[in-house]
file query16.cif (mmCIF, C-alpha atoms)
data_work
loop_
_atom_site.group_PDB
_atom_site.id
_atom_site.type_symbol
_atom_site.label_atom_id
_atom_site.label_comp_id
_atom_site.auth_asym_id
_atom_site.auth_seq_id
_atom_site.Cartn_x
_atom_site.Cartn_y
_atom_site.Cartn_z
ATOM 1 C CA MET C 12 86.150 143.878 79.444
ATOM 2 C CA LYS C 13 88.214 145.805 76.907
ATOM 3 C CA THR C 14 88.688 149.418 77.967
ATOM 4 C CA CYS C 15 89.650 152.563 76.079
ATOM 5 C CA PHE C 16 91.404 155.416 77.885
ATOM 6 C CA VAL C 17 90.339 158.838 76.576
ATOM 7 C CA PHE C 18 92.354 161.947 77.402
ATOM 8 C CA PRO C 19 90.861 165.470 77.667
ATOM 9 C CA GLY C 20 91.904 168.546 75.727
ATOM 10 C CA GLN C 21 92.227 172.234 76.434
ATOM 11 C CA GLY C 22 89.307 173.590 78.447
ATOM 12 C CA SER C 23 89.418 170.795 81.020
ATOM 13 C CA GLN C 24 92.217 172.453 82.998
ATOM 14 C CA ALA C 25 91.510 173.805 86.475
ATOM 15 C CA VAL C 26 93.618 175.104 89.336
ATOM 16 C CA GLY C 27 94.240 172.175 91.694
ATOM 17 C CA MET C 28 94.285 169.506 88.973
ATOM 18 C CA GLY C 29 96.535 166.568 89.780
ATOM 19 C CA LYS C 30 97.291 167.647 93.343
ATOM 20 C CA SER C 31 95.899 164.654 95.245
ATOM 21 C CA LEU C 32 97.643 162.192 92.906
ATOM 22 C CA HIS C 33 100.899 164.145 93.300
ATOM 23 C CA ASN C 34 100.610 163.920 97.068
ATOM 24 C CA ALA C 35 99.712 160.216 97.035
ATOM 25 C CA PHE C 36 102.288 158.751 94.633
ATOM 26 C CA GLY C 37 106.044 159.284 94.497
ATOM 27 C CA GLU C 38 105.981 158.275 90.821
ATOM 28 C CA VAL C 39 103.555 161.109 90.071
ATOM 29 C CA LYS C 40 105.643 163.614 92.020
ATOM 30 C CA ARG C 41 108.617 162.613 89.890
ATOM 31 C CA LEU C 42 106.559 163.306 86.763
ATOM 32 C CA TYR C 43 105.903 166.854 87.928
ATOM 33 C CA ASP C 44 109.576 167.310 88.777
ATOM 34 C CA GLU C 45 110.530 166.083 85.301
ATOM 35 C CA ALA C 46 108.048 168.432 83.618
ATOM 36 C CA SER C 47 109.360 171.347 85.685
ATOM 37 C CA GLY C 48 112.895 170.528 84.615
ATOM 38 C CA VAL C 49 111.882 170.561 80.944
ATOM 39 C CA LEU C 50 109.871 173.786 81.108
ATOM 40 C CA GLY C 51 111.945 175.795 83.559
ATOM 41 C CA TYR C 52 109.136 176.618 85.988
ATOM 42 C CA ASP C 53 107.345 174.803 88.809
ATOM 43 C CA VAL C 54 104.568 172.880 87.071
ATOM 44 C CA ALA C 55 103.130 171.609 90.363
ATOM 45 C CA GLU C 56 102.955 175.128 91.835
ATOM 46 C CA LEU C 57 101.184 176.563 88.784
ATOM 47 C CA SER C 58 98.837 173.574 88.424
ATOM 48 C CA PHE C 59 97.873 173.362 92.080
ATOM 49 C CA ASN C 60 97.825 177.041 93.084
ATOM 50 C CA GLY C 61 97.505 179.061 89.879
ATOM 51 C CA PRO C 62 96.817 181.845 89.281
ATOM 52 C CA ALA C 63 94.170 180.721 86.794
ATOM 53 C CA GLU C 64 95.060 183.568 84.422
ATOM 54 C CA GLU C 65 98.565 182.147 84.026
ATOM 55 C CA LEU C 66 97.463 178.499 83.866
ATOM 56 C CA ASN C 67 94.964 179.394 81.122
ATOM 57 C CA LYS C 68 97.630 180.804 78.809
ATOM 58 C CA THR C 69 97.742 178.333 75.932
ATOM 59 C CA HIS C 70 101.469 177.567 76.185
ATOM 60 C CA ARG C 71 101.066 176.908 79.940
ATOM 61 C CA THR C 72 97.778 175.010 79.713
ATOM 62 C CA GLN C 73 98.974 172.458 77.196
ATOM 63 C CA PRO C 74 101.971 170.939 79.053
ATOM 64 C CA CYS C 75 100.305 171.328 82.476
ATOM 65 C CA LEU C 76 97.143 169.539 81.358
ATOM 66 C CA LEU C 77 99.211 166.826 79.711
ATOM 67 C CA THR C 78 101.117 166.352 82.969
ATOM 68 C CA ALA C 79 97.886 166.046 84.966
ATOM 69 C CA SER C 80 96.552 163.485 82.502
ATOM 70 C CA ILE C 81 99.726 161.395 82.575
ATOM 71 C CA ALA C 82 99.638 161.614 86.377
ATOM 72 C CA ALA C 83 96.222 159.923 86.266
ATOM 73 C CA PHE C 84 97.466 157.404 83.701
ATOM 74 C CA THR C 85 100.476 156.606 85.897
ATOM 75 C CA ALA C 86 98.260 156.101 88.942
ATOM 76 C CA LEU C 87 96.078 153.673 86.960
ATOM 77 C CA SER C 88 99.190 151.814 85.799
ATOM 78 C CA LEU C 89 100.327 151.478 89.400
ATOM 79 C CA LYS C 90 96.994 149.785 90.093
ATOM 80 C CA GLY C 91 97.691 147.355 87.256
ATOM 81 C CA ILE C 92 95.020 148.872 84.986
ATOM 82 C CA THR C 93 96.019 149.335 81.345
ATOM 83 C CA PRO C 94 94.011 150.180 78.204
ATOM 84 C CA SER C 95 93.131 148.134 75.147
ATOM 85 C CA ALA C 96 93.013 151.359 73.131
ATOM 86 C CA VAL C 97 93.617 155.084 73.601
ATOM 87 C CA ALA C 98 92.343 158.326 72.091
ATOM 88 C CA GLY C 99 92.550 161.995 72.999
ATOM 89 C CA HIS C 100 90.561 165.102 72.161
ATOM 90 C CA SER C 101 92.828 167.611 70.368
ATOM 91 C CA LEU C 102 95.650 168.292 72.873
ATOM 92 C CA GLY C 103 94.632 165.021 74.553
ATOM 93 C CA GLU C 104 96.153 163.122 71.620
ATOM 94 C CA TYR C 105 99.595 163.848 73.070
ATOM 95 C CA SER C 106 98.636 162.255 76.388
ATOM 96 C CA ALA C 107 97.173 159.295 74.474
ATOM 97 C CA LEU C 108 100.412 158.884 72.534
ATOM 98 C CA VAL C 109 102.487 158.921 75.724
ATOM 99 C CA ALA C 110 100.180 156.207 77.056
ATOM 100 C CA ALA C 111 100.640 154.277 73.785
ATOM 101 C CA GLY C 112 104.427 154.463 74.002
ATOM 102 C CA SER C 113 104.703 156.608 70.861
ATOM 103 C CA LEU C 114 106.000 159.747 72.613
ATOM 104 C CA SER C 115 108.138 159.990 75.725
ATOM 105 C CA PHE C 116 106.616 162.065 78.513
ATOM 106 C CA ARG C 117 109.558 164.457 78.415
ATOM 107 C CA ASP C 118 109.237 165.059 74.673
ATOM 108 C CA ALA C 119 105.464 165.448 74.930
ATOM 109 C CA VAL C 120 105.861 168.144 77.597
ATOM 110 C CA ARG C 121 108.316 170.046 75.434
ATOM 111 C CA ILE C 122 106.377 169.780 72.168
ATOM 112 C CA THR C 123 103.030 170.747 73.708
ATOM 113 C CA GLU C 124 104.546 173.950 75.086
ATOM 114 C CA THR C 125 105.903 174.673 71.600
ATOM 115 C CA ARG C 126 102.534 173.824 70.063
ATOM 116 C CA GLY C 127 100.815 176.275 72.414
ATOM 117 C CA LYS C 128 103.218 179.084 71.510
ATOM 118 C CA ILE C 129 102.855 178.478 67.771
ATOM 119 C CA MET C 130 99.072 178.358 67.992
ATOM 120 C CA GLN C 131 98.947 181.587 70.011
ATOM 121 C CA GLU C 132 101.098 183.395 67.447
ATOM 122 C CA ALA C 133 99.202 182.084 64.405
ATOM 123 C CA VAL C 134 96.278 184.535 64.349
ATOM 124 C CA PRO C 135 96.221 188.124 65.684
ATOM 125 C CA GLU C 136 94.415 188.527 69.001
ATOM 126 C CA GLY C 137 90.697 189.076 68.403
ATOM 127 C CA ALA C 138 90.780 188.199 64.698
ATOM 128 C CA GLY C 139 89.456 184.675 65.182
ATOM 129 C CA LEU C 140 86.574 183.120 67.106
ATOM 130 C CA MET C 141 85.216 179.709 68.063
ATOM 131 C CA ALA C 142 81.629 178.958 69.031
ATOM 132 C CA ALA C 143 79.692 175.931 70.236
ATOM 133 C CA VAL C 144 76.542 175.034 68.331
ATOM 134 C CA LEU C 145 73.917 173.025 70.195
ATOM 135 C CA GLY C 146 70.959 171.154 68.790
ATOM 136 C CA LEU C 147 71.652 171.003 65.035
ATOM 137 C CA GLU C 148 72.696 168.096 62.822
ATOM 138 C CA ARG C 149 76.266 168.248 61.564
ATOM 139 C CA GLY C 150 75.247 168.224 57.885
ATOM 140 C CA VAL C 151 73.139 171.357 58.356
ATOM 141 C CA ILE C 152 76.037 173.118 60.084
ATOM 142 C CA ASP C 153 78.446 172.139 57.294
ATOM 143 C CA GLU C 154 76.166 173.646 54.645
ATOM 144 C CA ILE C 155 75.572 176.878 56.555
ATOM 145 C CA CYS C 156 79.305 177.383 57.102
ATOM 146 C CA LYS C 157 79.907 176.921 53.360
ATOM 147 C CA GLY C 158 77.306 179.608 52.615
ATOM 148 C CA VAL C 159 78.782 182.308 54.868
ATOM 149 C CA SER C 160 79.854 185.324 52.759
ATOM 150 C CA SER C 161 81.751 187.510 55.230
ATOM 151 C CA GLY C 162 84.865 185.345 55.577
ATOM 152 C CA TYR C 163 86.075 181.892 56.495
ATOM 153 C CA VAL C 164 84.338 179.588 58.991
ATOM 154 C CA SER C 165 84.192 175.795 59.258
ATOM 155 C CA VAL C 166 83.487 173.030 61.761
ATOM 156 C CA ALA C 167 86.375 172.560 64.208
ATOM 157 C CA ASN C 168 84.960 169.775 66.405
ATOM 158 C CA TYR C 169 82.294 167.188 65.717
ATOM 159 C CA ASN C 170 81.971 166.409 69.415
ATOM 160 C CA CYS C 171 78.753 164.387 69.685
ATOM 161 C CA PRO C 172 75.216 164.408 68.304
ATOM 162 C CA GLY C 173 73.830 167.873 68.955
ATOM 163 C CA GLN C 174 77.154 169.459 69.933
ATOM 164 C CA THR C 175 79.496 170.927 67.347
ATOM 165 C CA VAL C 176 82.116 173.685 67.464
ATOM 166 C CA ILE C 177 82.788 176.106 64.610
ATOM 167 C CA SER C 178 85.963 178.123 64.083
ATOM 168 C CA GLY C 179 87.292 180.837 61.800
ATOM 169 C CA GLU C 180 87.432 184.569 61.223
ATOM 170 C CA ARG C 181 85.441 186.486 63.827
ATOM 171 C CA THR C 182 83.008 188.169 61.428
ATOM 172 C CA ALA C 183 82.338 184.891 59.609
ATOM 173 C CA VAL C 184 81.766 182.948 62.831
ATOM 174 C CA GLU C 185 79.366 185.649 64.044
ATOM 175 C CA GLU C 186 77.474 185.524 60.741
ATOM 176 C CA ALA C 187 77.315 181.716 60.945
ATOM 177 C CA MET C 188 75.989 181.903 64.512
ATOM 178 C CA GLY C 189 73.091 184.061 63.338
ATOM 179 C CA ARG C 190 72.296 181.750 60.436
ATOM 180 C CA LEU C 191 72.511 178.671 62.643
ATOM 181 C CA LYS C 192 70.008 180.162 65.099
ATOM 182 C CA GLU C 193 67.658 180.838 62.204
ATOM 183 C CA ALA C 194 68.085 177.219 61.110
ATOM 184 C CA GLY C 195 66.954 175.959 64.513
ATOM 185 C CA ALA C 196 70.034 175.725 66.715
ATOM 186 C CA LYS C 197 69.044 175.643 70.380
ATOM 187 C CA ARG C 198 72.058 177.759 71.325
ATOM 188 C CA THR C 199 75.209 179.213 69.822
ATOM 189 C CA VAL C 200 77.840 180.077 72.427
ATOM 190 C CA PRO C 201 81.092 181.985 71.764
ATOM 191 C CA LEU C 202 83.992 180.192 73.445
ATOM 192 C CA ALA C 203 86.486 181.943 75.705
ATOM 193 C CA VAL C 204 89.530 180.943 73.665
ATOM 194 C CA SER C 205 92.084 183.184 72.000
ATOM 195 C CA VAL C 206 92.969 180.858 69.105
ATOM 196 C CA PRO C 207 90.619 179.660 66.299
ATOM 197 C CA SER C 208 91.831 176.058 66.312
ATOM 198 C CA HIS C 209 91.212 173.204 63.857
ATOM 199 C CA CYS C 210 90.582 175.310 60.764
ATOM 200 C CA VAL C 211 92.597 176.521 57.760
ATOM 201 C CA LEU C 212 93.648 179.668 59.634
ATOM 202 C CA MET C 213 96.092 177.334 61.415
ATOM 203 C CA GLU C 214 97.749 175.946 58.275
ATOM 204 C CA GLU C 215 100.806 178.194 58.601
ATOM 205 C CA ALA C 216 101.025 177.196 62.266
ATOM 206 C CA GLY C 217 100.950 173.591 61.084
ATOM 207 C CA ARG C 218 103.954 174.173 58.832
ATOM 208 C CA ARG C 219 105.886 175.772 61.677
ATOM 209 C CA PHE C 220 104.868 172.975 64.020
ATOM 210 C CA GLU C 221 105.921 170.298 61.519
ATOM 211 C CA ALA C 222 109.477 171.662 61.583
ATOM 212 C CA GLU C 223 109.519 171.535 65.386
ATOM 213 C CA LEU C 224 108.021 168.038 65.488
ATOM 214 C CA ARG C 225 110.879 166.745 63.311
ATOM 215 C CA GLU C 226 113.148 167.247 66.315
ATOM 216 C CA ILE C 227 111.028 164.911 68.473
ATOM 217 C CA PRO C 228 111.315 161.098 68.266
ATOM 218 C CA VAL C 229 107.965 159.476 67.417
ATOM 219 C CA ARG C 230 107.708 155.700 67.681
ATOM 220 C CA ASP C 231 105.094 153.232 66.475
ATOM 221 C CA ALA C 232 102.186 153.037 68.915
ATOM 222 C CA GLN C 233 102.302 149.988 71.172
ATOM 223 C CA VAL C 234 98.609 150.327 72.103
ATOM 224 C CA HIS C 235 95.742 150.771 69.629
ATOM 225 C CA PHE C 236 95.443 154.524 68.965
ATOM 226 C CA VAL C 237 92.561 156.288 67.178
ATOM 227 C CA ASN C 238 93.433 159.635 65.604
ATOM 228 C CA ASN C 239 91.332 162.806 65.519
ATOM 229 C CA THR C 240 91.699 163.684 61.840
ATOM 230 C CA GLY C 241 90.746 160.303 60.374
ATOM 231 C CA ALA C 242 88.909 158.620 63.242
ATOM 232 C CA ARG C 243 90.798 155.416 62.516
ATOM 233 C CA PHE C 244 93.320 153.161 64.191
ATOM 234 C CA VAL C 245 96.858 154.330 63.466
ATOM 235 C CA SER C 246 100.088 152.744 64.702
ATOM 236 C CA ASP C 247 102.806 153.755 62.205
ATOM 237 C CA SER C 248 105.070 156.516 63.535
ATOM 238 C CA GLY C 249 105.089 158.369 60.206
ATOM 239 C CA GLU C 250 101.292 158.416 60.059
ATOM 240 C CA ILE C 251 101.123 159.574 63.672
ATOM 241 C CA ARG C 252 103.530 162.418 62.964
ATOM 242 C CA GLU C 253 101.527 163.502 59.899
ATOM 243 C CA SER C 254 98.263 163.290 61.848
ATOM 244 C CA LEU C 255 99.558 165.548 64.633
ATOM 245 C CA VAL C 256 100.479 168.232 62.102
ATOM 246 C CA LEU C 257 97.166 168.013 60.235
ATOM 247 C CA GLN C 258 95.234 168.141 63.497
ATOM 248 C CA LEU C 259 96.002 171.852 63.924
ATOM 249 C CA SER C 260 94.065 172.794 60.785
ATOM 250 C CA ARG C 261 91.592 169.897 60.382
ATOM 251 C CA SER C 262 88.374 169.067 62.191
ATOM 252 C CA VAL C 263 88.468 166.908 65.320
ATOM 253 C CA LEU C 264 86.209 163.948 64.481
ATOM 254 C CA TRP C 265 85.513 163.006 68.089
ATOM 255 C CA GLU C 266 82.073 161.497 67.501
ATOM 256 C CA ASP C 267 83.538 159.349 64.735
ATOM 257 C CA CYS C 268 86.497 158.337 66.924
ATOM 258 C CA ILE C 269 84.201 156.958 69.628
ATOM 259 C CA ARG C 270 82.106 155.100 67.043
ATOM 260 C CA THR C 271 85.280 153.563 65.581
ATOM 261 C CA ILE C 272 86.377 152.411 69.031
ATOM 262 C CA SER C 273 82.948 150.998 69.853
ATOM 263 C CA ALA C 274 82.773 149.183 66.507
ATOM 264 C CA SER C 275 86.029 147.422 67.430
ATOM 265 C CA GLY C 276 84.266 145.735 70.363
ATOM 266 C CA ILE C 277 85.247 148.099 73.177
ATOM 267 C CA ALA C 278 82.319 149.060 75.417
ATOM 268 C CA SER C 279 84.117 150.609 78.405
ATOM 269 C CA PHE C 280 85.747 154.052 78.521
ATOM 270 C CA VAL C 281 87.847 155.753 81.211
ATOM 271 C CA GLU C 282 88.409 159.512 81.000
ATOM 272 C CA VAL C 283 91.989 159.911 82.213
ATOM 273 C CA GLY C 284 92.717 163.440 83.413
ATOM 274 C CA PRO C 285 90.905 166.511 84.748
ATOM 275 C CA GLY C 286 87.147 166.911 84.432
ATOM 276 C CA LYS C 287 84.374 164.885 82.850
ATOM 277 C CA VAL C 288 83.914 166.671 79.520
ATOM 278 C CA LEU C 289 84.695 163.583 77.446
ATOM 279 C CA SER C 290 82.588 161.362 79.698
ATOM 280 C CA GLY C 291 79.559 163.451 78.796
ATOM 281 C CA LEU C 292 80.355 163.350 75.089
ATOM 282 C CA VAL C 293 80.892 159.582 75.067
ATOM 283 C CA LYS C 294 77.550 159.093 76.839
ATOM 284 C CA ARG C 295 75.819 161.075 74.088
ATOM 285 C CA ILE C 296 77.561 159.069 71.354
ATOM 286 C CA GLU C 297 77.320 155.574 72.881
ATOM 287 C CA PRO C 298 74.608 155.588 75.577
ATOM 288 C CA ALA C 299 75.170 151.911 76.422
ATOM 289 C CA ALA C 300 78.896 152.320 77.110
ATOM 290 C CA ALA C 301 80.339 151.995 80.620
ATOM 291 C CA ILE C 302 82.013 155.337 81.419
ATOM 292 C CA LEU C 303 84.413 156.001 84.301
ATOM 293 C CA ASN C 304 86.961 158.700 85.067
ATOM 294 C CA VAL C 305 90.197 159.243 86.989
ATOM 295 C CA GLU C 306 91.325 162.734 87.989
ATOM 296 C CA ASP C 307 92.147 162.386 91.707
ATOM 297 C CA THR C 308 92.631 159.703 94.370
ATOM 298 C CA GLU C 309 88.896 159.393 95.064
ATOM 299 C CA SER C 310 87.957 158.750 91.426
ATOM 300 C CA LEU C 311 91.009 156.499 91.050
ATOM 301 C CA ASP C 312 89.872 154.257 93.895
ATOM 302 C CA SER C 313 86.295 154.184 92.621
ATOM 303 C CA THR C 314 87.302 153.361 89.035
ATOM 304 C CA ALA C 315 89.865 150.744 90.108
ATOM 305 C CA ALA C 316 87.227 149.028 92.251
ATOM 306 C CA ARG C 317 84.788 148.942 89.329
ATOM 307 C CA ILE C 318 87.307 147.637 86.811
ATOM 308 C CA THR C 319 88.841 144.971 89.046
ATOM 309 C CA ALA C 320 85.556 143.795 90.561
#
call {"tool": "encode", "arguments": {"input": "query16.cif", "output": "structure tokens"}}
result
Amino acid sequence: MKTCFVFPGQGSQAVGMGKSLHNAFGEVKRLYDEASGVLGYDVAELSFNGPAEELNKTHRTQPCLLTASIAAFTALSLKGITPSAVAGHSLGEYSALVAAGSLSFRDAVRITETRGKIMQEAVPEGAGLMAAVLGLERGVIDEICKGVSSGYVSVANYNCPGQTVISGERTAVEEAMGRLKEAGAKRTVPLAVSVPSHCVLMEEAGRRFEAELREIPVRDAQVHFVNNTGARFVSDSGEIRESLVLQLSRSVLWEDCIRTISASGIASFVEVGPGKVLSGLVKRIEPAAAILNVEDTESLDSTAARITA
């Protein structure tokens, strides 16, 4: 059965992530050592022991979560399990591109730390807001965001049917939340993030990031890769580079990505990295899909047994 590996984004991090794989595989331990050498601090210590307040800083979260995801990918590779296609949610695209051979692990660690710093500096603290919207169709949300008068707000993530995230200026997001409740949203939930990602407020950050990304080699993908901004298969290195820049200020079309992958004939998904956020989203998008995950040695053994049975 063809399988797609999907890699989680920011929000899936947790103290302790990757620890059991680090302890079980010398190859994974070497990954953490390499990441520590790039970043200048002990990635294993921060990932395994925290404190959470430090791990949750955007410029720490991004390379540490990437490392945990590539640890899981490496463990799967050691079991002889490889993907037919890859995709990642926001930050997870960098893990997907390492898995696809488009980015080296070392370069991905470095550029995700830079990405985190640029994103954090893009909008003054407290000026932006993101919120999850549950139980409304995406078209309704689009129209309400367009009608907000107090500032800028738009859809950041089309995650799955009934779950969307909006992003923008705080007052505009708060106004949109009120209007969305009036329109029938089951819930609107402010997110505990300090950066209003995937909206035009990040366009200047995108320009800064583009300059930094020029210093990083990007190769053609060797595994089928579906991008967030177009929800289509992309392999050309130039298109991948452009997509990574646009991703900062464009919507993440996750629902569309999974439909594109499914339409290609893939019916099995493995969430590779901490948590099961994407597993839940995929189940909502494609209820008939087989969905597995790998985040530690227990889930690795279970998933490997299922795939190789």
call {"tool": "residues_around", "arguments": {"input": "query16.cif", "residues": "C:Val109", "least_positions_apart": "5", "cutoff": "8 Å", "atoms": "all atoms listed in the file", "output": "count of residues only"}}
result
5
call {"tool": "resolve_selection", "arguments": {"input": "query16.cif", "expression": "the PyMOL selection byres ((chain C and resi 19) around 6)", "output": "MDAnalysis selection string"}}
result
chainID C and resid 18 20 100 103
call {"tool": "closest_atom_pairs", "arguments": {"input": "query16.cif", "of": "stretch 171-227 of chain C", "to": "stretch 66-79 of chain C", "cutoff": "12 Å", "atoms": "all atoms listed in the file", "output": "JSON lines"}}
result
{"residue": "C:Ala203", "atom": "CA", "partner": "C:Asn67", "partner_atom": "CA", "distance": 10.4}
{"residue": "C:Val204", "atom": "CA", "partner": "C:Thr69", "partner_atom": "CA", "distance": 8.9}
{"residue": "C:Ser205", "atom": "CA", "partner": "C:Thr69", "partner_atom": "CA", "distance": 8.4}
{"residue": "C:Val206", "atom": "CA", "partner": "C:Thr69", "partner_atom": "CA", "distance": 8.7}
{"residue": "C:Ser208", "atom": "CA", "partner": "C:Thr69", "partner_atom": "CA", "distance": 11.5}
call {"tool": "atom_distance", "arguments": {"input": "query16.cif", "atom1": "atom CA of C:Arg261", "atom2": "atom CA of C:Cys210"}}
result
5.5 Å
call {"tool": "atom_distance", "arguments": {"input": "query16.cif", "atom1": "atom CA of C:Asp153", "atom2": "atom CA of C:Val184"}}
result
12.6 Å
call {"tool": "residues_around", "arguments": {"input": "query16.cif", "residues": "C:Gly291", "least_positions_apart": "5", "cutoff": "12 Å", "atoms": "all atoms listed in the file", "output": "ChimeraX atom specification"}}
result
/C:17,19,170-172,174,266,280-282,286,296-298,300-304
call {"tool": "resolve_selection", "arguments": {"input": "query16.cif", "expression": "the PyMOL selection byres ((chain C and resi 221) around 10)", "output": "ChimeraX atom specification"}}
result
/C:126,215-220,222-226,252-253,255-257
call {"tool": "closest_residue", "arguments": {"input": "query16.cif", "among": "C:Pro207, C:Ile277, C:Ile122, C:Ala196", "to": "C:Tyr163", "atoms": "only C-alpha atoms"}}
result
C:Pro207
call {"tool": "closest_residue", "arguments": {"input": "query16.cif", "among": "C:Asn239, C:Thr93, C:Ala138, C:Ile155", "to": "C:Tyr105", "atoms": "only C-alpha atoms"}}
result
C:Asn239
call {"tool": "resolve_selection", "arguments": {"input": "query16.cif", "expression": "the PyMOL selection byres ((chain C and resi 230) around 7)", "output": "number ranges by chain"}}
result
C: 113-114, 228-229, 231-232, 248
call {"tool": "closest_residue", "arguments": {"input": "query16.cif", "among": "C:Lys294, C:Arg317, C:Arg190, C:Lys40", "to": "C:Val151", "atoms": "all atoms listed in the file"}}
result
C:Arg190
call {"tool": "closest_residue", "arguments": {"input": "query16.cif", "among": "C:Gln258, C:Met12, C:Val293, C:Ala242", "to": "C:Ile318", "atoms": "all atoms listed in the file"}}
result
C:Met12
call {"tool": "closest_residue", "arguments": {"input": "query16.cif", "among": "C:Gly127, C:Gly195, C:Glu38, C:Ala320", "to": "C:Leu87", "atoms": "all atoms listed in the file"}}
result
C:Glu38
call {"tool": "closest_residue", "arguments": {"input": "query16.cif", "among": "C:Ser47, C:Asn168, C:Thr319, C:Ser101", "to": "C:Arg121", "atoms": "only C-alpha atoms"}}
result
C:Ser47
call {"tool": "atom_distance", "arguments": {"input": "query16.cif", "atom1": "atom CA of C:Pro62", "atom2": "atom CA of C:Tyr43"}}
result
17.6 Å
call {"tool": "residues_around", "arguments": {"input": "query16.cif", "residues": "C:Arg41", "least_positions_apart": "4", "cutoff": "12 Å", "atoms": "only C-alpha atoms", "output": "short mmCIF file (atom, residue, chain, number, x, y, z; two decimals) with C-alpha atoms, keeping the file's coordinate frame"}}
result
data_model
loop_
_atom_site.label_atom_id
_atom_site.label_comp_id
_atom_site.auth_asym_id
_atom_site.auth_seq_id
_atom_site.Cartn_x
_atom_site.Cartn_y
_atom_site.Cartn_z
CA LEU C 32 97.64 162.19 92.91
CA HIS C 33 100.90 164.14 93.30
CA ASN C 34 100.61 163.92 97.07
CA ALA C 35 99.71 160.22 97.04
CA PHE C 36 102.29 158.75 94.63
CA GLY C 37 106.04 159.28 94.50
CA GLU C 45 110.53 166.08 85.30
CA ALA C 46 108.05 168.43 83.62
CA SER C 47 109.36 171.35 85.68
CA GLY C 48 112.90 170.53 84.62
CA VAL C 54 104.57 172.88 87.07
CA ALA C 55 103.13 171.61 90.36
CA THR C 78 101.12 166.35 82.97
CA ILE C 81 99.73 161.40 82.58
CA ALA C 82 99.64 161.61 86.38
CA THR C 85 100.48 156.61 85.90
CA PHE C 116 106.62 162.06 78.51
CA ARG C 117 109.56 164.46 78.42
#
call {"tool": "residues_near_point", "arguments": {"input": "query16.cif", "point": "(98.8, 171.8, 91.7)", "cutoff": "9 Å", "atoms": "all atoms listed in the file", "output": "PyMOL selection string"}}
result
chain C and resi 26-31+33+54-61+79
call {"tool": "residues_around", "arguments": {"input": "query16.cif", "residues": "C:Val245", "least_positions_apart": "4", "cutoff": "9 Å", "atoms": "all atoms listed in the file", "output": "VMD selection string"}}
result
chain C and resid 231 to 232 235 to 238 250 to 251
call {"tool": "write_last_selection", "arguments": {"input": "query16.cif", "atoms": "C-alpha atoms", "output": "CSV table (one decimal), keeping the file's coordinate frame"}}
result
chain,number,residue,atom,x,y,z
C,231,ASP,CA,105.1,153.2,66.5
C,232,ALA,CA,102.2,153.0,68.9
C,235,HIS,CA,95.7,150.8,69.6
C,236,PHE,CA,95.4,154.5,69.0
C,237,VAL,CA,92.6,156.3,67.2
C,238,ASN,CA,93.4,159.6,65.6
C,250,GLU,CA,101.3,158.4,60.1
C,251,ILE,CA,101.1,159.6,63.7
